[in-house]
$ cat my_file_26.txt   # compact mmCIF, C-alpha atoms
# COMPACT_ATOMS: atom_id res chain seq x y z
CA MET A 162 -65.85 -138.35 109.15
CA THR A 163 -63.54 -140.20 111.53
CA VAL A 164 -63.64 -137.65 114.32
CA ARG A 165 -62.94 -139.02 117.78
CA TYR A 166 -64.13 -137.04 120.80
CA LEU A 167 -61.51 -137.16 123.55
CA LYS A 168 -63.76 -134.94 125.65
CA SER A 169 -67.44 -134.49 124.91
CA SER A 170 -69.94 -131.92 126.10
CA THR A 171 -72.31 -133.18 128.75
CA GLY A 172 -74.59 -130.22 128.13
CA LEU A 173 -76.27 -127.90 130.59
CA ALA A 174 -79.35 -128.59 132.63
CA PRO A 175 -82.45 -127.70 130.58
CA GLU A 176 -83.50 -124.08 130.93
CA ASN A 177 -87.08 -122.98 130.91
CA GLN A 178 -86.79 -120.48 128.07
CA SER A 179 -90.49 -119.76 128.34
CA ASP A 180 -89.85 -118.12 131.73
CA THR A 181 -87.46 -115.62 130.14
CA ASN A 182 -89.86 -115.02 127.26
CA ASP A 183 -92.77 -114.37 129.61
CA ILE A 184 -90.81 -112.08 131.93
CA VAL A 185 -89.58 -109.98 129.02
CA GLN A 186 -93.00 -109.83 127.41
CA ILE A 187 -94.57 -108.56 130.63
CA MET A 188 -91.82 -106.00 131.15
CA LEU A 189 -92.09 -104.66 127.59
CA ALA A 190 -95.89 -104.42 127.90
CA ARG A 191 -95.62 -102.47 131.16
CA ILE A 192 -93.00 -100.12 129.67
CA GLN A 193 -95.14 -99.60 126.57
CA THR A 194 -97.98 -98.43 128.81
CA GLY A 195 -96.17 -96.62 131.61
CA LYS A 196 -93.18 -95.29 129.65
CA GLU A 197 -90.47 -93.51 131.65
CA GLN A 198 -92.02 -94.01 135.07
CA VAL A 199 -92.05 -97.79 134.67
CA VAL A 200 -88.47 -97.71 133.40
CA LYS A 201 -87.45 -95.77 136.51
CA ASP A 202 -89.23 -98.32 138.69
CA TYR A 203 -87.29 -101.16 137.05
CA ALA A 204 -84.03 -99.20 137.41
CA ARG A 205 -84.68 -98.88 141.14
CA THR A 206 -85.76 -102.47 141.77
CA LEU A 207 -83.39 -104.29 139.39
CA ASP A 208 -80.29 -102.07 139.36
CA GLY A 209 -80.65 -100.29 142.69
CA TRP A 210 -80.42 -96.97 140.86
CA THR A 211 -82.39 -93.87 141.82
CA GLY A 212 -80.14 -91.22 140.26
CA GLU A 213 -80.42 -89.39 136.97
CA ILE A 214 -81.05 -91.60 133.96
CA GLU A 215 -79.74 -89.38 131.17
CA VAL A 216 -76.00 -88.83 130.93
CA THR A 217 -74.94 -85.95 128.70
CA ARG A 218 -71.80 -85.64 126.57
CA GLU A 219 -70.51 -83.14 129.12
CA MET A 220 -70.83 -85.74 131.86
CA MET A 221 -69.03 -88.26 129.68
CA ALA A 222 -66.20 -85.79 129.22
CA GLU A 223 -65.97 -85.28 132.97
CA ALA A 224 -65.32 -89.01 133.37
CA GLU A 225 -61.90 -88.43 131.83
CA HIS A 226 -60.70 -86.77 135.04
CA LYS A 227 -61.56 -89.85 137.08
CA LEU A 228 -59.23 -92.10 135.07
CA PRO A 229 -55.43 -92.44 135.12
CA GLN A 230 -53.69 -91.24 131.97
CA SER A 231 -52.59 -94.81 131.21
CA VAL A 232 -56.21 -96.00 131.11
CA ARG A 233 -57.21 -93.14 128.84
CA ASP A 234 -54.30 -93.93 126.53
CA ASP A 235 -55.27 -97.60 126.34
CA ILE A 236 -58.89 -96.80 125.53
CA ARG A 237 -57.83 -94.35 122.83
CA TYR A 238 -55.47 -96.94 121.31
CA ALA A 239 -58.35 -99.42 121.02
CA HIS A 240 -60.69 -96.74 119.70
CA GLU A 241 -58.28 -95.75 116.95
CA ASN A 242 -57.93 -99.34 115.76
CA ILE A 243 -61.70 -99.93 115.80
CA ARG A 244 -62.37 -96.63 114.01
CA ASN A 245 -59.69 -97.25 111.38
CA PHE A 246 -61.04 -100.73 110.65
CA ALA A 247 -64.61 -99.43 110.38
CA GLU A 248 -63.44 -96.67 108.03
CA ALA A 249 -61.71 -99.27 105.85
CA GLN A 250 -64.94 -101.28 105.79
CA LEU A 251 -66.86 -98.22 104.72
CA ALA A 252 -64.37 -97.54 101.94
CA SER A 253 -64.84 -101.09 100.64
CA ILE A 254 -68.45 -100.45 99.61
CA SER A 255 -69.71 -97.75 97.33
CA GLU A 256 -72.64 -96.22 95.57
CA PHE A 257 -72.83 -96.88 91.84
CA GLU A 258 -74.95 -96.54 88.74
CA THR A 259 -74.87 -98.72 85.65
CA GLU A 260 -76.61 -98.77 82.27
CA LEU A 261 -78.04 -102.30 82.08
CA ARG A 262 -79.30 -101.76 78.53
CA PRO A 263 -79.42 -98.66 76.36
CA GLY A 264 -81.79 -96.34 78.19
CA LEU A 265 -82.16 -98.46 81.35
CA TRP A 266 -80.22 -97.06 84.26
CA ALA A 267 -80.04 -98.51 87.76
CA GLY A 268 -77.89 -98.04 90.83
CA GLN A 269 -77.55 -98.20 94.57
CA ARG A 270 -77.22 -95.66 97.34
CA LEU A 271 -75.87 -96.12 100.85
CA ILE A 272 -78.02 -94.25 103.38
CA PRO A 273 -77.02 -94.21 107.06
CA LEU A 274 -79.70 -94.96 109.62
CA SER A 275 -80.91 -91.90 111.49
CA SER A 276 -80.52 -93.29 115.00
CA ALA A 277 -78.98 -96.20 116.86
CA GLY A 278 -79.22 -97.59 120.37
CA CYS A 279 -76.04 -99.26 121.64
CA TYR A 280 -76.25 -101.58 124.65
CA VAL A 281 -73.07 -101.89 126.73
CA PRO A 282 -73.04 -104.74 129.29
CA GLY A 283 -71.90 -103.77 132.74
CA GLY A 284 -72.81 -106.49 135.19
CA ARG A 285 -70.02 -108.79 136.37
CA TYR A 286 -67.57 -107.20 133.94
CA SER A 287 -67.37 -103.61 132.67
CA HIS A 288 -67.45 -104.01 128.90
CA ILE A 289 -65.46 -100.96 127.88
CA ALA A 290 -64.70 -102.55 124.52
CA SER A 291 -68.39 -103.03 123.72
CA ALA A 292 -68.92 -99.28 123.97
CA LEU A 293 -66.11 -98.72 121.49
CA MET A 294 -67.20 -101.49 119.11
CA THR A 295 -70.83 -100.47 118.78
CA ILE A 296 -70.76 -96.67 119.03
CA THR A 297 -67.63 -96.14 116.92
CA THR A 298 -68.96 -98.33 114.11
CA ALA A 299 -72.28 -96.49 114.05
CA LYS A 300 -70.48 -93.15 114.03
CA VAL A 301 -68.22 -94.12 111.11
CA ALA A 302 -71.26 -95.37 109.16
CA GLY A 303 -72.75 -91.88 109.47
CA VAL A 304 -75.55 -92.45 112.01
CA SER A 305 -76.53 -88.96 113.11
CA ASP A 306 -77.96 -89.73 116.57
CA ILE A 307 -76.46 -92.38 118.85
CA THR A 308 -77.74 -93.32 122.30
CA ALA A 309 -75.87 -95.75 124.52
CA CYS A 310 -77.00 -97.39 127.72
CA SER A 311 -75.29 -99.45 130.39
CA PRO A 312 -76.30 -100.78 133.81
CA PRO A 313 -75.51 -98.30 136.60
CA ARG A 314 -73.79 -99.40 139.77
CA PRO A 315 -75.49 -98.39 143.02
CA GLY A 316 -74.04 -95.11 144.27
CA GLU A 317 -71.77 -94.78 141.22
CA GLY A 318 -73.79 -94.93 138.03
CA ILE A 319 -72.14 -96.02 134.81
CA PRO A 320 -68.44 -96.67 135.52
CA ALA A 321 -66.13 -93.83 134.47
CA ALA A 322 -64.15 -95.98 132.01
CA ILE A 323 -67.31 -96.94 130.13
CA LEU A 324 -68.52 -93.33 130.09
CA TYR A 325 -65.17 -92.15 128.77
CA ALA A 326 -65.26 -94.80 126.04
CA MET A 327 -68.80 -93.79 125.11
CA GLY A 328 -67.72 -90.19 124.82
CA ILE A 329 -64.67 -90.63 122.60
CA ALA A 330 -66.57 -93.14 120.44
CA GLY A 331 -69.18 -90.49 119.66
CA ALA A 332 -72.35 -91.22 121.66
CA ASP A 333 -74.69 -88.26 121.79
CA ARG A 334 -76.02 -89.34 125.17
CA ALA A 335 -76.04 -92.30 127.53
CA LEU A 336 -78.77 -93.74 129.71
CA ALA A 337 -77.94 -95.19 133.12
CA LEU A 338 -80.10 -98.23 132.48
CA GLY A 339 -79.49 -101.93 132.08
CA GLY A 340 -81.44 -104.95 130.94
CA VAL A 341 -84.83 -104.94 129.28
CA GLN A 342 -85.61 -101.43 130.50
CA GLY A 343 -82.45 -100.10 128.84
CA VAL A 344 -83.09 -101.41 125.34
CA ALA A 345 -86.80 -100.59 125.61
CA ALA A 346 -86.02 -96.99 126.57
CA MET A 347 -83.69 -96.61 123.57
CA ALA A 348 -86.22 -98.16 121.22
CA GLY A 349 -88.98 -95.93 122.57
CA GLY A 350 -87.01 -92.69 122.50
CA MET A 351 -87.25 -92.00 126.23
CA PHE A 352 -85.24 -89.65 128.46
CA GLY A 353 -84.34 -87.28 125.63
CA ALA A 354 -83.25 -89.98 123.20
CA LYS A 355 -84.39 -90.24 119.62
CA PRO A 356 -86.25 -93.53 118.98
CA ALA A 357 -83.66 -96.01 117.76
CA ASP A 358 -83.84 -97.37 114.23
CA ILE A 359 -81.61 -100.26 115.32
CA LEU A 360 -80.52 -101.81 118.62
CA VAL A 361 -77.03 -103.30 118.78
CA GLY A 362 -74.66 -104.76 121.33
CA PRO A 363 -74.30 -107.89 123.45
CA GLY A 364 -76.24 -108.58 126.63
CA ASN A 365 -77.63 -111.30 128.86
CA GLN A 366 -80.53 -113.56 127.96
CA PHE A 367 -83.09 -110.92 128.96
CA VAL A 368 -81.52 -108.28 126.73
CA ALA A 369 -81.29 -110.75 123.85
CA GLU A 370 -84.92 -111.78 124.29
CA ALA A 371 -86.10 -108.15 124.49
CA LYS A 372 -84.33 -107.39 121.22
CA ARG A 373 -85.89 -110.47 119.64
CA GLN A 374 -89.40 -109.49 120.74
CA MET A 375 -89.00 -105.90 119.54
CA PHE A 376 -87.48 -106.89 116.19
CA GLY A 377 -89.68 -105.62 113.38
CA GLU A 378 -90.68 -102.34 114.93
CA VAL A 379 -86.95 -101.75 115.36
CA GLY A 380 -83.93 -103.37 113.72
CA ILE A 381 -81.41 -105.45 115.66
CA ASP A 382 -77.87 -106.55 114.94
CA MET A 383 -78.49 -110.24 115.67
CA PHE A 384 -80.07 -112.59 118.19
CA ALA A 385 -77.00 -113.57 120.20
CA GLY A 386 -76.53 -116.33 122.74
CA PRO A 387 -73.57 -117.12 125.02
CA THR A 388 -70.14 -116.51 123.55
CA ASP A 389 -68.33 -119.52 122.03
CA THR A 390 -64.81 -120.23 120.79
CA MET A 391 -63.08 -122.93 118.75
CA ILE A 392 -59.35 -123.53 118.42
CA LEU A 393 -57.80 -125.51 115.56
CA ALA A 394 -54.21 -126.66 115.93
CA ASP A 395 -51.61 -129.08 114.58
CA ALA A 396 -48.41 -130.61 115.97
CA SER A 397 -46.58 -127.28 115.67
CA ALA A 398 -48.80 -125.62 118.30
CA ASP A 399 -47.74 -124.81 121.85
CA PRO A 400 -49.98 -126.78 124.28
CA GLU A 401 -49.79 -124.07 126.94
CA LEU A 402 -50.96 -121.36 124.52
CA VAL A 403 -53.86 -123.50 123.35
CA ALA A 404 -54.84 -124.39 126.92
CA TRP A 405 -54.77 -120.77 128.12
CA ASP A 406 -56.82 -119.66 125.13
CA LEU A 407 -59.48 -122.24 125.99
CA VAL A 408 -59.48 -121.29 129.67
CA GLY A 409 -59.52 -117.56 128.90
CA GLN A 410 -62.69 -117.92 126.85
CA ALA A 411 -64.34 -120.31 129.30
CA GLU A 412 -64.23 -117.61 132.00
CA HIS A 413 -67.02 -115.75 130.16
CA GLY A 414 -69.51 -117.94 132.01
CA PHE A 415 -70.84 -121.39 132.77
CA ASN A 416 -72.75 -121.47 129.46
CA SER A 417 -69.86 -120.50 127.15
CA PRO A 418 -68.69 -123.45 125.01
CA VAL A 419 -65.00 -123.91 124.18
CA TRP A 420 -64.01 -126.42 121.48
CA PHE A 421 -60.62 -127.74 120.40
CA ALA A 422 -60.00 -129.72 117.21
CA THR A 423 -56.63 -131.14 116.18
CA ASP A 424 -55.08 -133.92 114.12
CA ASP A 425 -52.35 -134.56 116.71
CA LEU A 426 -53.12 -136.87 119.64
CA ALA A 427 -50.08 -135.82 121.70
CA LEU A 428 -51.12 -132.16 121.51
CA ALA A 429 -54.69 -132.97 122.48
CA GLU A 430 -53.60 -134.97 125.51
CA ALA A 431 -51.14 -132.28 126.61
CA VAL A 432 -53.78 -129.54 126.38
CA MET A 433 -56.32 -131.59 128.33
CA ALA A 434 -53.75 -132.21 131.06
CA LEU A 435 -52.93 -128.51 131.38
CA VAL A 436 -56.44 -127.03 131.48
CA PRO A 437 -57.43 -127.95 135.07
CA GLY A 438 -54.28 -126.42 136.56
CA LEU A 439 -54.71 -123.20 134.56
CA ILE A 440 -58.32 -122.86 135.64
CA ALA A 441 -57.17 -123.20 139.25
CA GLU A 442 -54.92 -120.14 138.78
CA LEU A 443 -57.86 -117.83 138.03
CA PRO A 444 -59.41 -115.68 140.76
CA GLU A 445 -63.05 -116.08 141.68
CA PRO A 446 -65.64 -115.84 140.21
CA ASN A 447 -63.69 -116.42 136.98
CA ARG A 448 -62.38 -119.78 138.22
CA SER A 449 -65.83 -121.23 138.90
CA SER A 450 -67.21 -119.91 135.61
CA ALA A 451 -64.35 -121.42 133.62
CA GLN A 452 -64.55 -124.73 135.48
CA GLN A 453 -68.28 -125.07 134.86
CA ALA A 454 -67.94 -124.17 131.19
CA TRP A 455 -65.05 -126.60 130.65
CA ASP A 456 -66.71 -129.46 132.53
CA ALA A 457 -70.10 -129.15 130.84
CA LEU A 458 -69.38 -127.66 127.42
CA GLY A 459 -65.68 -128.16 126.68
CA GLU A 460 -64.95 -130.49 123.77
CA VAL A 461 -61.70 -131.93 122.38
CA MET A 462 -61.84 -133.54 118.94
CA LEU A 463 -59.18 -135.68 117.27
CA CYS A 464 -59.44 -135.60 113.47
CA ALA A 465 -57.72 -137.57 110.74
CA ASP A 466 -56.13 -134.60 108.95
CA ARG A 467 -56.38 -130.84 108.55
CA GLU A 468 -59.21 -131.09 106.03
CA GLU A 469 -61.31 -132.91 108.59
CA VAL A 470 -60.36 -130.32 111.22
CA ALA A 471 -61.55 -127.56 108.88
CA ALA A 472 -64.75 -129.44 108.11
CA MET A 473 -65.53 -129.63 111.84
CA ALA A 474 -65.05 -125.88 112.15
CA ASP A 475 -67.42 -125.26 109.25
CA GLN A 476 -69.98 -127.53 110.90
CA TYR A 477 -69.77 -125.79 114.28
CA GLY A 478 -69.74 -122.22 112.92
CA PRO A 479 -68.04 -120.74 116.00
CA GLU A 480 -68.21 -117.12 117.03
CA HIS A 481 -64.42 -117.00 117.45
CA LEU A 482 -62.20 -119.32 115.40
CA HIS A 483 -58.48 -119.43 116.24
CA VAL A 484 -55.97 -121.33 114.08
CA GLN A 485 -52.62 -122.28 115.60
CA ALA A 486 -51.13 -124.34 112.79
CA ALA A 487 -48.72 -124.26 109.88
CA ASP A 488 -49.68 -122.86 106.45
CA LEU A 489 -52.00 -120.11 107.67
CA ASP A 490 -52.82 -119.01 104.12
CA TRP A 491 -54.37 -122.43 103.47
CA TRP A 492 -56.55 -122.13 106.56
CA LYS A 493 -57.61 -118.56 105.74
CA MET A 494 -58.82 -119.58 102.29
CA ARG A 495 -60.32 -122.94 103.34
CA LEU A 496 -62.39 -121.95 106.38
CA ARG A 497 -65.87 -120.68 105.62
CA SER A 498 -67.94 -120.56 108.80
CA TYR A 499 -66.96 -118.24 111.66
CA GLY A 500 -67.74 -114.87 113.21
CA SER A 501 -64.12 -113.71 113.32
CA LEU A 502 -60.94 -115.58 112.39
CA PHE A 503 -57.69 -115.38 114.39
CA LEU A 504 -54.65 -116.63 112.50
CA GLY A 505 -51.45 -117.81 114.16
CA GLU A 506 -50.26 -118.35 117.70
CA GLU A 507 -49.12 -114.72 117.96
CA THR A 508 -52.74 -113.57 117.95
CA THR A 509 -55.49 -114.45 120.42
CA VAL A 510 -59.22 -113.89 120.77
CA PRO A 511 -58.78 -111.27 123.55
CA PHE A 512 -56.98 -109.04 121.01
CA GLY A 513 -60.17 -109.00 118.93
CA ASP A 514 -62.39 -108.76 121.99
CA LYS A 515 -60.69 -105.62 123.22
CA ALA A 516 -58.45 -103.61 120.95
CA SER A 517 -57.23 -104.93 117.58
CA GLY A 518 -59.92 -103.34 115.40
CA PRO A 519 -62.37 -105.86 113.84
CA ASN A 520 -65.72 -105.85 115.62
CA HIS A 521 -66.31 -108.19 118.54
CA VAL A 522 -70.11 -108.23 118.28
CA LEU A 523 -70.36 -111.57 116.48
CA PRO A 524 -72.83 -114.36 115.68
CA THR A 525 -73.06 -117.16 118.24
CA SER A 526 -74.68 -120.59 118.52
CA GLY A 527 -73.78 -121.61 114.96
CA ALA A 528 -75.25 -118.50 113.33
CA ALA A 529 -71.86 -117.84 111.71
CA ARG A 530 -72.91 -120.43 109.13
CA TYR A 531 -75.20 -117.82 107.57
CA THR A 532 -74.26 -114.37 108.86
CA GLY A 533 -71.34 -112.20 109.87
CA GLY A 534 -70.84 -109.85 112.78
CA LEU A 535 -71.55 -106.18 113.43
CA SER A 536 -70.10 -103.85 110.83
CA VAL A 537 -70.74 -100.49 109.19
CA HIS A 538 -73.08 -102.38 106.85
CA LYS A 539 -75.55 -102.88 109.72
CA PHE A 540 -75.95 -99.13 110.06
CA LEU A 541 -76.39 -98.50 106.33
CA LYS A 542 -79.42 -99.06 104.16
CA THR A 543 -78.33 -100.27 100.73
CA VAL A 544 -81.16 -98.96 98.57
CA THR A 545 -81.62 -99.13 94.82
CA TRP A 546 -82.95 -96.76 92.16
CA GLN A 547 -83.82 -97.00 88.46
CA ARG A 548 -84.57 -94.72 85.54
CA VAL A 549 -85.93 -95.56 82.10
CA ASP A 550 -85.86 -93.57 78.86
CA ASP A 551 -87.43 -94.17 75.46
CA GLN A 552 -84.69 -96.49 74.24
CA ALA A 553 -85.43 -99.12 76.89
CA LEU A 554 -89.13 -98.49 77.46
CA PRO A 555 -90.78 -100.53 74.65
CA ASP A 556 -89.15 -103.89 75.44
CA LEU A 557 -89.21 -103.34 79.18
CA ALA A 558 -92.92 -102.46 79.23
CA ARG A 559 -93.91 -105.31 76.89
CA ILE A 560 -91.97 -107.95 78.86
CA SER A 561 -93.10 -106.65 82.25
CA ALA A 562 -96.72 -106.78 81.08
CA SER A 563 -96.25 -110.30 79.72
CA ILE A 564 -94.76 -111.63 82.98
CA SER A 565 -97.46 -109.83 84.98
CA ARG A 566 -100.21 -111.62 83.05
CA LEU A 567 -98.47 -114.96 83.47
CA GLU A 568 -98.64 -114.27 87.22
CA GLY A 569 -102.30 -113.23 87.03
CA MET A 570 -101.60 -109.58 87.88
CA GLU A 571 -103.59 -107.61 85.31
CA GLY A 572 -103.19 -104.27 87.07
CA HIS A 573 -99.44 -104.58 86.87
CA ALA A 574 -99.68 -105.39 83.16
CA ARG A 575 -101.81 -102.33 82.43
CA SER A 576 -99.50 -100.07 84.45
CA ALA A 577 -96.70 -101.18 82.15
CA GLU A 578 -98.66 -100.99 78.90
CA ILE A 579 -100.07 -97.53 79.47
CA ARG A 580 -96.53 -96.27 79.21
CA LEU A 581 -96.21 -97.83 75.79
CA GLU A 582 -99.21 -95.79 74.68
CA LYS A 583 -98.11 -92.56 76.33
CA PHE A 584 -94.38 -92.47 75.72
CA THR A 585 -93.77 -94.54 72.60
CA ALA A 586 -96.70 -93.51 70.35
CA PRO A 587 -95.53 -92.75 66.80
CA PRO A 588 -95.28 -89.04 65.95
CA LYS A 589 -98.05 -87.41 63.94
CA ARG A 590 -97.51 -87.54 60.21
CA VAL A 591 -96.70 -84.16 58.62
CA VAL A 592 -98.21 -83.53 55.11
CA ASN A 593 -97.14 -80.61 52.94
CA GLY A 594 -95.64 -78.90 55.95
CA ALA A 595 -99.02 -78.73 57.70
CA GLY A 596 -99.92 -80.35 60.99

$ encode --input "my_file_26.txt" --output "structure tokens"
Amino acid sequence: MTVRYLKSSTGLAPENQSDTNDIVQIMLARIQTGKEQVVKDYARTLDGWTGEIEVTREMMAEAEHKLPQSVRDDIRYAHENIRNFAEAQLASISEFETELRPGLWAGQRLIPLSSAGCYVPGGRYSHIASALMTITTAKVAGVSDITACSPPRPGEGIPAAILYAMGIAGADRALALGGVQGVAAMAGGMFGAKPADILVGPGNQFVAEAKRQMFGEVGIDMFAGPTDTMILADASADPELVAWDLVGQAEHGFNSPVWFATDDLALAEAVMALVPGLIAELPEPNRSSAQQAWDALGEVMLCADREEVAAMADQYGPEHLHVQAADLDWWKMRLRSYGSLFLGEETTVPFGDKASGPNHVLPTSGAARYTGGLSVHKFLKTVTWQRVDDQALPDLARISASISRLEGMEGHARSAEIRLEKFTAPPKRVVNGAG
């Protein structure tokens, strides 16, 4: 590769990840022992919340009256898009059965999980869209019991807009809990919730670590780190659009990388010149977050041609990948490593983050090289079945027994062969009509 870095990441100061691991481990152990009382203690000390934990569907419905009609309309618009996309995903997979050989039938079934716990961040920003993305997708998949949780605000509880989104998305209940205590309560089936089969949704490093430590006894969507974004562009791109898209994603936080790869030097230089002024236009704390992210983690790469640009994207495996270049069909078919792909300058990552339909819970930190984002598939068990009749049994039993013995598994071999004796024995010979 002949990639030239016009701006390189300086990296962040080393974090002591072991501190987070230890804190979460201690919290989970205390919750395992003390259950709901310990969760309430954490809610009081960490969130400043002493009110009711469980929020019913009736309380979610009441939140509607606290919101202007325009806000309700916007949330419903986003919900419809997310639901319609999830329904299309569901329609793209199916149960089937096939006869592999005469008398050997096999197939698959799609069985929804019984329960899901959906975490909705609510610290610095109220993540209304995360409520829609996680709960709606679980509902469309057919999950019968859905619990959501979100950090309460002192004196207010879960913000009305988040509660309203939870309600129309289909949550059966919500818990006014954030952080480790929130996901632990959903996993443990506390405060009237059914124990979650799977925990989904973005969160801070403590939420992510709690999900990682609980994985196994409960399923999780993915182990997610800070959000990241990459933009690919050629000489046809508008520098101001590219610059704003970088700045807009950098405001997520000081640890959110933003990367820009292009084969046009003039575009790269124009974008780099614009970014500082655009960051300065943001209000606080967004401005400081974006500035820190750009200074420490922002990268600008100059490549030889579009193939090299695409190769860089495949290497990075970004969560969000936005192409602002000519010949979008070429890019769509060439690119192979991303959480979600945004094609053309008319689109932008915030469309996908908030309202366009495809899920915004996506792999980060390069995980897009081997996995996709949250979808109806995460809430479905794809299970298989098989059935054998006397046409297939002789060869199948003989070969299974043979392979079993090659592996040293005599019990397996005999389990196969006994069926040869029982189900394929020749019929008794009849002589002169007598048995």

$ closest_residue --input "my_file_26.txt" --among "A:Asp556, A:Asp333, A:Glu401, A:Glu370" --to "Gly353 of chain A" --atoms "only C-alpha atoms"
A:Asp333

$ residues_around --input "my_file_26.txt" --residues "Val341 of chain A" --least-positions-apart "6" --cutoff "12 Å" --atoms "all atoms listed in the file" --output "PyMOL selection string"
chain A and resi 181-182+184-193+199-201+203-204+207-208+280+282+310-312+347-349+360+364-375

$ write_last_selection --input "my_file_26.txt" --atoms "C-alpha atoms" --output "mmCIF file, in the coordinates of the input"
data_model
loop_
_atom_site.group_PDB
_atom_site.id
_atom_site.type_symbol
_atom_site.label_atom_id
_atom_site.label_comp_id
_atom_site.auth_asym_id
_atom_site.auth_seq_id
_atom_site.Cartn_x
_atom_site.Cartn_y
_atom_site.Cartn_z
ATOM 1 C CA THR A 181 -87.460 -115.620 130.140
ATOM 2 C CA ASN A 182 -89.860 -115.020 127.260
ATOM 3 C CA ILE A 184 -90.810 -112.080 131.930
ATOM 4 C CA VAL A 185 -89.580 -109.980 129.020
ATOM 5 C CA GLN A 186 -93.000 -109.830 127.410
ATOM 6 C CA ILE A 187 -94.570 -108.560 130.630
ATOM 7 C CA MET A 188 -91.820 -106.000 131.150
ATOM 8 C CA LEU A 189 -92.090 -104.660 127.590
ATOM 9 C CA ALA A 190 -95.890 -104.420 127.900
ATOM 10 C CA ARG A 191 -95.620 -102.470 131.160
ATOM 11 C CA ILE A 192 -93.000 -100.120 129.670
ATOM 12 C CA GLN A 193 -95.140 -99.600 126.570
ATOM 13 C CA VAL A 199 -92.050 -97.790 134.670
ATOM 14 C CA VAL A 200 -88.470 -97.710 133.400
ATOM 15 C CA LYS A 201 -87.450 -95.770 136.510
ATOM 16 C CA TYR A 203 -87.290 -101.160 137.050
ATOM 17 C CA ALA A 204 -84.030 -99.200 137.410
ATOM 18 C CA LEU A 207 -83.390 -104.290 139.390
ATOM 19 C CA ASP A 208 -80.290 -102.070 139.360
ATOM 20 C CA TYR A 280 -76.250 -101.580 124.650
ATOM 21 C CA PRO A 282 -73.040 -104.740 129.290
ATOM 22 C CA CYS A 310 -77.000 -97.390 127.720
ATOM 23 C CA SER A 311 -75.290 -99.450 130.390
ATOM 24 C CA PRO A 312 -76.300 -100.780 133.810
ATOM 25 C CA MET A 347 -83.690 -96.610 123.570
ATOM 26 C CA ALA A 348 -86.220 -98.160 121.220
ATOM 27 C CA GLY A 349 -88.980 -95.930 122.570
ATOM 28 C CA LEU A 360 -80.520 -101.810 118.620
ATOM 29 C CA GLY A 364 -76.240 -108.580 126.630
ATOM 30 C CA ASN A 365 -77.630 -111.300 128.860
ATOM 31 C CA GLN A 366 -80.530 -113.560 127.960
ATOM 32 C CA PHE A 367 -83.090 -110.920 128.960
ATOM 33 C CA VAL A 368 -81.520 -108.280 126.730
ATOM 34 C CA ALA A 369 -81.290 -110.750 123.850
ATOM 35 C CA GLU A 370 -84.920 -111.780 124.290
ATOM 36 C CA ALA A 371 -86.100 -108.150 124.490
ATOM 37 C CA LYS A 372 -84.330 -107.390 121.220
ATOM 38 C CA ARG A 373 -85.890 -110.470 119.640
ATOM 39 C CA GLN A 374 -89.400 -109.490 120.740
ATOM 40 C CA MET A 375 -89.000 -105.900 119.540
#

$ residues_around --input "my_file_26.txt" --residues "segment 444-461 of chain A" --least-positions-apart "2" --cutoff "6 Å" --atoms "only C-alpha atoms" --output "ChimeraX atom specification"
/A:166-172,411-412,414-422,440

$ residues_around --input "my_file_26.txt" --residues "Val544 of chain A" --least-positions-apart "3" --cutoff "7 Å" --atoms "all atoms listed in the file" --output "PyMOL selection string"
chain A and resi 269-271

$ write_last_selection --input "my_file_26.txt" --atoms "C-alpha atoms" --output "compact mmCIF listing (two decimals), keeping the file's coordinate frame"
# COMPACT_ATOMS: atom_id res chain seq x y z
CA GLN A 269 -77.55 -98.20 94.57
CA ARG A 270 -77.22 -95.66 97.34
CA LEU A 271 -75.87 -96.12 100.85

$ residues_around --input "my_file_26.txt" --residues "Leu265 of chain A" --least-positions-apart "2" --cutoff "7 Å" --atoms "only C-alpha atoms" --output "JSON, numbers by chain"
{"A": [260, 261, 262, 263, 267, 548, 549, 550, 553]}

$ axis_aligned_box --input "my_file_26.txt" --around "segment 292-301 of chain A" --padding-each-side "6 Å" --output "JSON"
{"center_x": -69.2, "center_y": -97.3, "center_z": 117.5, "size_x": 18.2, "size_y": 20.3, "size_z": 24.9}

$ closest_atom_pairs --input "my_file_26.txt" --of "segment 496-558 of chain A" --to "segment 283-293 of chain A" --cutoff "8 Å" --atoms "all atoms listed in the file" --output "CSV"
residue,atom,partner,partner_atom,distance
A:Asp514,CA,A:Ala290,CA,7.1
A:Lys515,CA,A:Ala290,CA,5.2
A:Ala516,CA,A:Ala290,CA,7.3
A:His521,CA,A:Ser291,CA,7.6
A:Val522,CA,A:Ser291,CA,7.7

$ residues_around --input "my_file_26.txt" --residues "Ile560 of chain A" --least-positions-apart "2" --cutoff "12 Å" --atoms "all atoms listed in the file" --output "PyMOL selection string"
chain A and resi 553-558+562-567+573-575+577-578+581

$ closest_residue --input "my_file_26.txt" --among "A:Glu223, A:Asp406, A:Glu480, A:Glu215" --to "Ser501 of chain A" --atoms "only C-alpha atoms"
A:Glu480
